[in-house]
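Colleague: Questions regarding the structure given below will be posed in turn.
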Amino acid sequence: MSLTWTDHVTGRQGHLVVDRLVRGVCSGGLRMRAGCTLDEVTGLARGMSMKEALHYDPRGRYVPLGGAKGGIDCDPRDPGAYDLLVRYLRAVRPYIEAHWTTGEDLGLTQDLVDRAAAEAGLVSSIQAVYPLLDDEAAARRRLADAFALEVDGIGLDELVGGCGVAESVLTALDRAGTAHRGTRVAVQGLGTMGGATARFLARAGLSVVAVADVKGTIANPGGLDVDALLAARDAFGTVDRAALRPGDRELPGDAWLSSAAEVLVPAAVSYAVDTVNQRGITARWIVEAANMPVLPAAEELLAARGVTVLPDVVVNSATNAWWWWTLFGDIGADADEAFAHTRRSMRALVDRTLARAQADGTTPRAAAHALAAERLPVIAERFGRYR
């Protein structure tokens with residue numbers, strides 16, 4: 001199902017795509033960015049179906065849902081963005097009440113989505129899943145407790161996604177026999193996902209040599225002070241340049257792509273790597289923390305010269321999975337348990353994906369799609385694709 005809504009106040013458009021339902025429910029975040037299109041949201045919804053399938057564990061309480069996605073064509077910094085968000089949620093309220101569970105994505109925080117959902121008359125942005133829970137009150141309390149947890153002043157909900165991305169990087173390095181310490185990383189975006197990823201990679205001994213935000217790229221070949229940069233961010237992930245050290249350099253916005261780094265982590269916008277700018281990439285790995293950051297044609301060119309792209313459907317899937325692991329009761333509201341479960345699950349998934357790619361002589365993306373394609377019919381047969 002695809003729909004496009006036009007706001008009667010501004011004329012801006014919002015989209016909702018449901019790729020499939022499992023047990024009558026689908027899952028996928030809501031993004032807000034200028035230029036968001038129906039085609040973009042359609043691709044993201046398909047990716048959500050695969051993310052859900054890839055994390056299917058018949059031994060777990062969490063049973064994967066279908067995939068969906070929402071998108072609003074508006075700059076989240078626009079003064080009218082919040083009111084537009086509320087009107088969009090009012091318009092799609094019947095779908096959220098019955099079928100679509102959603103949350104933060106590019107341009108939106110969970111707090112903002114929750115506040116707007118309440119103003120739009122919704123019980124919750126994930127209320128469609130409540131009928132599937134064994135004990136709704138206990139499950140909602142457990143998830144609320146988990147969202148209230150902080151580690152070093154940062155919310156657990158912000159950290160688990162970055163933990164999953166970092167574990168994807170570390171698994172790839174381990175399979176290649178590459179030491180963690182001294183491996184150089186460039187990160188595009190210091191928002192929720194990119195900031196947490198940089199934090200975990202720095203603590204694992206990797207050297208973060210470049211980060212990019214809307215103002216440009218900050219680089220230091222000797223390594224950046226990640227903690228200082230994270231502390232100097234605003235709500236949109238933009239770093240206050242007053243926090244830079246004497247050795248830190250300010251470079252153009254796309255300079256992170258050509259950084260002297262072994263690993264690139266695009267963690268901001270879609271379509272960041274195209275057939276032209278991929279020529280400047282010297283990294284060995286691109287790890288997709290953002291959704292659809294590498295265009296397919298660019299990925300073909302990168303693969304031809306030995307650059308491995310770890311796909312978004314695997315790499316950034318931990319945030320979505322953590323919500324459901326917690327809500328369904330596979331893990332409790334505990335940070336150590338959440339990180340341990342995330343690391344274990346992501347390492348197994350990335351290792352399985354890379355092993356399949358090697359065995360099939362194909363790319364990790366094709367391998368991930370093949371793994372998901374094998375699981376989707378199993379899920380559909382066991383739980384029913386549609387109510």
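Letters A, B, ... go to the chains of the structure tokens in the order shown; residues in each chain start at 1; ligands are counted from 1 in the same order.
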Near Arg33 (chain A), counting only C-alpha atoms, which residues have an atom at most 12 Å away, once you skip same-chain residues fewer than 3 positions from it, shown as a PyMOL selection string?

Modeller: chain A and resi 12-15+30+36-37+40-41+70-78+81+85+105-108+268-270

Colleague: Print the selection's residues with N, CA, C and O atoms to a file, as a compact mmCIF listing (two decimals), in the first residue's frame.

Modeller:
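Listing of selection.txt after writing:
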# COMPACT_ATOMS: atom_id res chain seq x y z
N ARG A 12 2.84 20.97 1.36
CA ARG A 12 3.90 19.95 1.42
C ARG A 12 3.29 18.56 1.44
O ARG A 12 2.14 18.38 1.85
N GLN A 13 4.10 17.59 1.03
CA GLN A 13 3.59 16.23 0.96
C GLN A 13 4.26 15.29 1.97
O GLN A 13 5.42 15.48 2.33
N GLY A 14 3.48 14.30 2.39
CA GLY A 14 3.99 13.22 3.22
C GLY A 14 3.60 11.90 2.59
O GLY A 14 2.63 11.82 1.83
N HIS A 15 4.38 10.87 2.87
CA HIS A 15 4.15 9.57 2.24
C HIS A 15 4.11 8.47 3.30
O HIS A 15 4.73 8.58 4.37
N LEU A 30 9.66 7.04 10.76
CA LEU A 30 9.15 8.21 10.04
C LEU A 30 10.29 9.21 9.92
O LEU A 30 10.85 9.65 10.92
N CYS A 36 12.13 14.59 0.31
CA CYS A 36 11.73 13.20 0.53
C CYS A 36 10.67 12.81 -0.50
O CYS A 36 9.69 13.54 -0.70
N THR A 37 10.85 11.65 -1.15
CA THR A 37 9.95 11.24 -2.23
C THR A 37 9.27 9.91 -1.92
O THR A 37 9.71 9.15 -1.05
N GLU A 40 11.65 7.00 -2.56
CA GLU A 40 12.57 6.83 -1.44
C GLU A 40 11.92 6.05 -0.32
O GLU A 40 12.49 5.08 0.23
N VAL A 41 10.70 6.43 0.04
CA VAL A 41 9.98 5.77 1.13
C VAL A 41 9.66 4.32 0.76
O VAL A 41 9.71 3.42 1.61
N GLY A 70 7.53 5.84 6.66
CA GLY A 70 6.86 7.11 6.43
C GLY A 70 7.88 8.19 6.13
O GLY A 70 9.03 8.10 6.57
N GLY A 71 7.48 9.20 5.38
CA GLY A 71 8.39 10.29 5.06
C GLY A 71 7.63 11.58 4.80
O GLY A 71 6.55 11.57 4.21
N ILE A 72 8.20 12.70 5.25
CA ILE A 72 7.60 14.02 5.06
C ILE A 72 8.62 14.90 4.35
O ILE A 72 9.78 15.01 4.78
N ASP A 73 8.19 15.55 3.28
CA ASP A 73 9.05 16.42 2.50
C ASP A 73 9.12 17.81 3.15
O ASP A 73 8.34 18.71 2.81
N CYS A 74 10.05 17.96 4.10
CA CYS A 74 10.21 19.23 4.80
C CYS A 74 11.55 19.23 5.52
O CYS A 74 11.97 18.20 6.06
N ASP A 75 12.21 20.36 5.55
CA ASP A 75 13.42 20.52 6.35
C ASP A 75 13.02 20.51 7.82
O ASP A 75 12.18 21.32 8.23
N PRO A 76 13.56 19.60 8.65
CA PRO A 76 13.16 19.54 10.05
C PRO A 76 13.49 20.81 10.84
O PRO A 76 12.94 21.02 11.92
N ARG A 77 14.35 21.67 10.28
CA ARG A 77 14.68 22.94 10.93
C ARG A 77 13.67 24.04 10.60
O ARG A 77 13.73 25.14 11.16
N ASP A 78 12.77 23.77 9.67
CA ASP A 78 11.75 24.75 9.28
C ASP A 78 10.89 25.09 10.49
O ASP A 78 10.49 24.20 11.25
N ALA A 81 7.84 22.94 10.94
CA ALA A 81 8.02 21.49 10.79
C ALA A 81 7.21 20.70 11.82
O ALA A 81 6.60 19.69 11.48
N LEU A 85 4.27 17.97 11.18
CA LEU A 85 4.37 16.60 11.69
C LEU A 85 3.07 16.19 12.37
O LEU A 85 2.56 15.08 12.15
N ASP A 105 13.34 8.65 12.87
CA ASP A 105 14.21 8.36 11.74
C ASP A 105 14.91 9.67 11.41
O ASP A 105 14.86 10.61 12.20
N LEU A 106 15.50 9.74 10.24
CA LEU A 106 16.24 10.92 9.83
C LEU A 106 15.44 12.20 10.03
O LEU A 106 14.30 12.31 9.56
N GLY A 107 16.00 13.15 10.75
CA GLY A 107 15.37 14.46 10.94
C GLY A 107 14.43 14.55 12.13
O GLY A 107 13.99 15.66 12.47
N LEU A 108 14.12 13.43 12.77
CA LEU A 108 13.17 13.43 13.89
C LEU A 108 13.75 12.63 15.06
O LEU A 108 14.39 11.60 14.85
N ALA A 268 24.19 9.71 7.69
CA ALA A 268 23.32 10.89 7.64
C ALA A 268 22.22 10.70 6.60
O ALA A 268 21.17 10.15 6.90
N VAL A 269 22.48 11.11 5.38
CA VAL A 269 21.41 11.17 4.37
C VAL A 269 21.50 10.01 3.39
O VAL A 269 22.54 9.35 3.25
N SER A 270 20.41 9.77 2.70
CA SER A 270 20.40 8.80 1.61
C SER A 270 21.11 9.39 0.39
O SER A 270 21.24 10.61 0.26

Colleague: Counting only C-alpha atoms, which residues of region 154-207 of chain A sit at most 9 Å from some atom of region 217-222 of chain A, and what is each one's closest atom pair with its distance in Å to one decimal, listed by chain and rising residue number, as CSV?

Modeller:
residue,atom,partner,partner_atom,distance
A:Arg184,CA,A:Pro221,CA,8.6
A:Ala186,CA,A:Ala219,CA,8.6
A:Gln188,CA,A:Thr217,CA,8.3
A:Ser207,CA,A:Gly222,CA,7.7

Colleague: Please, could you write that set of residues out with N, CA and C atoms as a JSON list (two decimals), in the first residue's frame?

Modeller:
[["chain", "number", "residue", "atom", "x", "y", "z"],
["A", 184, "ARG", "N", 41.62, 3.53, 10.73],
["A", 184, "ARG", "CA", 41.09, 4.88, 10.62],
["A", 184, "ARG", "C", 39.65, 4.87, 10.07],
["A", 186, "ALA", "N", 36.15, 7.42, 8.98],
["A", 186, "ALA", "CA", 35.51, 8.71, 8.71],
["A", 186, "ALA", "C", 34.01, 8.52, 8.80],
["A", 188, "GLN", "N", 30.15, 10.26, 8.37],
["A", 188, "GLN", "CA", 29.30, 11.35, 7.91],
["A", 188, "GLN", "C", 28.06, 11.42, 8.79],
["A", 207, "SER", "N", 40.68, 4.85, 15.18],
["A", 207, "SER", "CA", 40.97, 6.28, 15.15],
["A", 207, "SER", "C", 39.97, 6.99, 14.23]]

Colleague: When distances are computed from only C-alpha atoms, which of A:Val208, A:Ala91, A:Val25, A:Ala370 shows the smallest separation from Pro131 (chain A)?

Modeller: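 The closest residue to Pro131 (chain A) is A:Val25.
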
Colleague: When you look at region 293-308 of chain A with a cut-off of 7 Å (counting only C-alpha atoms), what residues show up, excluding the ones that are within fewer than 5 positions of it in the same chain? I need them as a PyMOL selection string.

Modeller: chain A and resi 266+269-275+278+283-286+288

Colleague: Write to file, as a PDB file, in the first residue's frame, the residues of the selection just made, with N, CA and C atoms.

Modeller:
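Below you can see out02.pdb, which holds the result:
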ATOM      1  N   PRO A 266      28.817   6.280   6.319  1.00  0.00           N
ATOM      2  CA  PRO A 266      27.789   7.284   6.013  1.00  0.00           C
ATOM      3  C   PRO A 266      26.610   7.082   6.960  1.00  0.00           C
ATOM      4  N   VAL A 269      22.481  11.112   5.375  1.00  0.00           N
ATOM      5  CA  VAL A 269      21.413  11.175   4.369  1.00  0.00           C
ATOM      6  C   VAL A 269      21.502  10.013   3.389  1.00  0.00           C
ATOM      7  N   SER A 270      20.409   9.768   2.697  1.00  0.00           N
ATOM      8  CA  SER A 270      20.405   8.798   1.610  1.00  0.00           C
ATOM      9  C   SER A 270      21.110   9.388   0.394  1.00  0.00           C
ATOM     10  N   TYR A 271      21.581   8.502  -0.486  1.00  0.00           N
ATOM     11  CA  TYR A 271      22.174   8.873  -1.768  1.00  0.00           C
ATOM     12  C   TYR A 271      23.426   9.740  -1.612  1.00  0.00           C
ATOM     13  N   ALA A 272      24.220   9.487  -0.571  1.00  0.00           N
ATOM     14  CA  ALA A 272      25.418  10.303  -0.324  1.00  0.00           C
ATOM     15  C   ALA A 272      26.568   9.940  -1.255  1.00  0.00           C
ATOM     16  N   VAL A 273      26.624   8.694  -1.694  1.00  0.00           N
ATOM     17  CA  VAL A 273      27.723   8.229  -2.548  1.00  0.00           C
ATOM     18  C   VAL A 273      27.167   7.925  -3.935  1.00  0.00           C
ATOM     19  N   ASP A 274      27.658   8.654  -4.933  1.00  0.00           N
ATOM     20  CA  ASP A 274      27.164   8.463  -6.301  1.00  0.00           C
ATOM     21  C   ASP A 274      28.297   8.027  -7.215  1.00  0.00           C
ATOM     22  N   THR A 275      28.002   7.923  -8.505  1.00  0.00           N
ATOM     23  CA  THR A 275      28.994   7.412  -9.449  1.00  0.00           C
ATOM     24  C   THR A 275      30.157   8.370  -9.653  1.00  0.00           C
ATOM     25  N   GLN A 278      32.309   8.648  -5.838  1.00  0.00           N
ATOM     26  CA  GLN A 278      32.913   7.384  -5.410  1.00  0.00           C
ATOM     27  C   GLN A 278      34.359   7.256  -5.904  1.00  0.00           C
ATOM     28  N   ALA A 283      38.908   4.096   0.836  1.00  0.00           N
ATOM     29  CA  ALA A 283      38.640   3.192   1.958  1.00  0.00           C
ATOM     30  C   ALA A 283      38.434   1.765   1.453  1.00  0.00           C
ATOM     31  N   ARG A 284      38.619   0.811   2.355  1.00  0.00           N
ATOM     32  CA  ARG A 284      38.408  -0.601   2.024  1.00  0.00           C
ATOM     33  C   ARG A 284      36.976  -1.033   2.293  1.00  0.00           C
ATOM     34  N   TRP A 285      36.352  -0.392   3.286  1.00  0.00           N
ATOM     35  CA  TRP A 285      34.981  -0.731   3.660  1.00  0.00           C
ATOM     36  C   TRP A 285      34.117   0.518   3.730  1.00  0.00           C
ATOM     37  N   ILE A 286      32.882   0.415   3.273  1.00  0.00           N
ATOM     38  CA  ILE A 286      31.847   1.416   3.520  1.00  0.00           C
ATOM     39  C   ILE A 286      30.752   0.719   4.307  1.00  0.00           C
ATOM     40  N   GLU A 288      27.140   1.076   5.951  1.00  0.00           N
ATOM     41  CA  GLU A 288      25.972   1.939   5.766  1.00  0.00           C
ATOM     42  C   GLU A 288      25.151   2.079   7.065  1.00  0.00           C
TER      43      GLU A 288
END

Colleague: May I have the residues within 10 Å of Gly43 (chain A) as a PyMOL selection string, using only C-alpha atoms and disregarding those fewer than 6 positions away in the same chain?

Modeller: chain A and resi 17+19+68-69+291-292

Colleague: Using only C-alpha atoms, can you tell me which of A:Ala179, A:Val265, A:Leu257, A:Ala335 comes closest to Asn277 (chain A)?

Modeller: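 Answer, going by the shortest atom-to-atom distance: A:Leu257.
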
Colleague: Write out as a list in words the residues lying within 6 Å of region 310-324 of chain A, counting only C-alpha atoms and excluding same-chain residues fewer than 2 positions away.

Modeller: Gly47, Lys51, Val160, Gly161, Gly164, Val165, Val287, Glu288, Ala289, Asn291, Thr326, Leu327, Phe328, Pro364 and Arg365 of chain A

Colleague: Can you spit out the residues from that selection as an mmCIF file, in the first residue's frame, using C-alpha atoms?

Modeller:
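Result file result.cif:
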data_model
loop_
_atom_site.group_PDB
_atom_site.id
_atom_site.type_symbol
_atom_site.label_atom_id
_atom_site.label_comp_id
_atom_site.auth_asym_id
_atom_site.auth_seq_id
_atom_site.Cartn_x
_atom_site.Cartn_y
_atom_site.Cartn_z
ATOM 1 C CA GLY A 47 14.347 -2.586 3.471
ATOM 2 C CA LYS A 51 15.583 -6.054 8.467
ATOM 3 C CA VAL A 160 22.075 0.738 20.756
ATOM 4 C CA GLY A 161 21.961 1.599 17.057
ATOM 5 C CA GLY A 164 25.169 -2.334 16.216
ATOM 6 C CA VAL A 165 26.947 -0.318 13.510
ATOM 7 C CA VAL A 287 29.484 0.594 6.379
ATOM 8 C CA GLU A 288 25.972 1.939 5.766
ATOM 9 C CA ALA A 289 24.677 3.367 9.039
ATOM 10 C CA ASN A 291 19.464 4.189 4.902
ATOM 11 C CA THR A 326 12.685 -5.177 24.842
ATOM 12 C CA LEU A 327 8.943 -4.868 24.267
ATOM 13 C CA PHE A 328 8.409 -8.594 23.726
ATOM 14 C CA PRO A 364 27.165 -8.427 0.965
ATOM 15 C CA ARG A 365 23.993 -6.629 -0.131
#

Colleague: Find the residues near region 243-249 of chain A: any atom within 12 Å, counting only C-alpha atoms, skip ones fewer than 3 places away on the same chain, and give them as a PyMOL selection string.

Modeller: chain A and resi 208-212+216-233+238-240+252+255-256

Colleague: Residues at most 7 Å from Ala53 (chain A), counting only C-alpha atoms, excluding those fewer than 6 positions away in the same chain, as a PyMOL selection string?

Modeller: chain A and resi 64+372+375-376

Colleague: From a DSSP pass on the backbone, collect the residues of region 162-224 of chain A flagged as strand (DSSP E) and hand them back as a ChimeraX atom specification.

Modeller: /A:184-188,207-213,216-219

Colleague: Print the selection's residues with C-alpha atoms to a file, as a PDB file, in the first residue's frame.

Modeller:
ATOM      1  CA  ARG A 184      41.085   4.883  10.618  1.00  0.00           C
ATOM      2  CA  VAL A 185      37.404   5.805  10.287  1.00  0.00           C
ATOM      3  CA  ALA A 186      35.513   8.714   8.712  1.00  0.00           C
ATOM      4  CA  VAL A 187      31.888   9.286   9.740  1.00  0.00           C
ATOM      5  CA  GLN A 188      29.301  11.353   7.906  1.00  0.00           C
ATOM      6  CA  SER A 207      40.969   6.283  15.147  1.00  0.00           C
ATOM      7  CA  VAL A 208      38.146   8.566  14.000  1.00  0.00           C
ATOM      8  CA  VAL A 209      40.003  10.902  11.632  1.00  0.00           C
ATOM      9  CA  ALA A 210      37.065  12.770  10.062  1.00  0.00           C
ATOM     10  CA  VAL A 211      33.449  13.610  10.826  1.00  0.00           C
ATOM     11  CA  ALA A 212      31.012  15.577   8.694  1.00  0.00           C
ATOM     12  CA  ASP A 213      27.945  17.625   9.593  1.00  0.00           C
ATOM     13  CA  GLY A 216      31.403  20.701   6.628  1.00  0.00           C
ATOM     14  CA  THR A 217      34.029  18.132   7.539  1.00  0.00           C
ATOM     15  CA  ILE A 218      36.215  18.196  10.647  1.00  0.00           C
ATOM     16  CA  ALA A 219      39.434  16.230  10.171  1.00  0.00           C
TER      17      ALA A 219
END
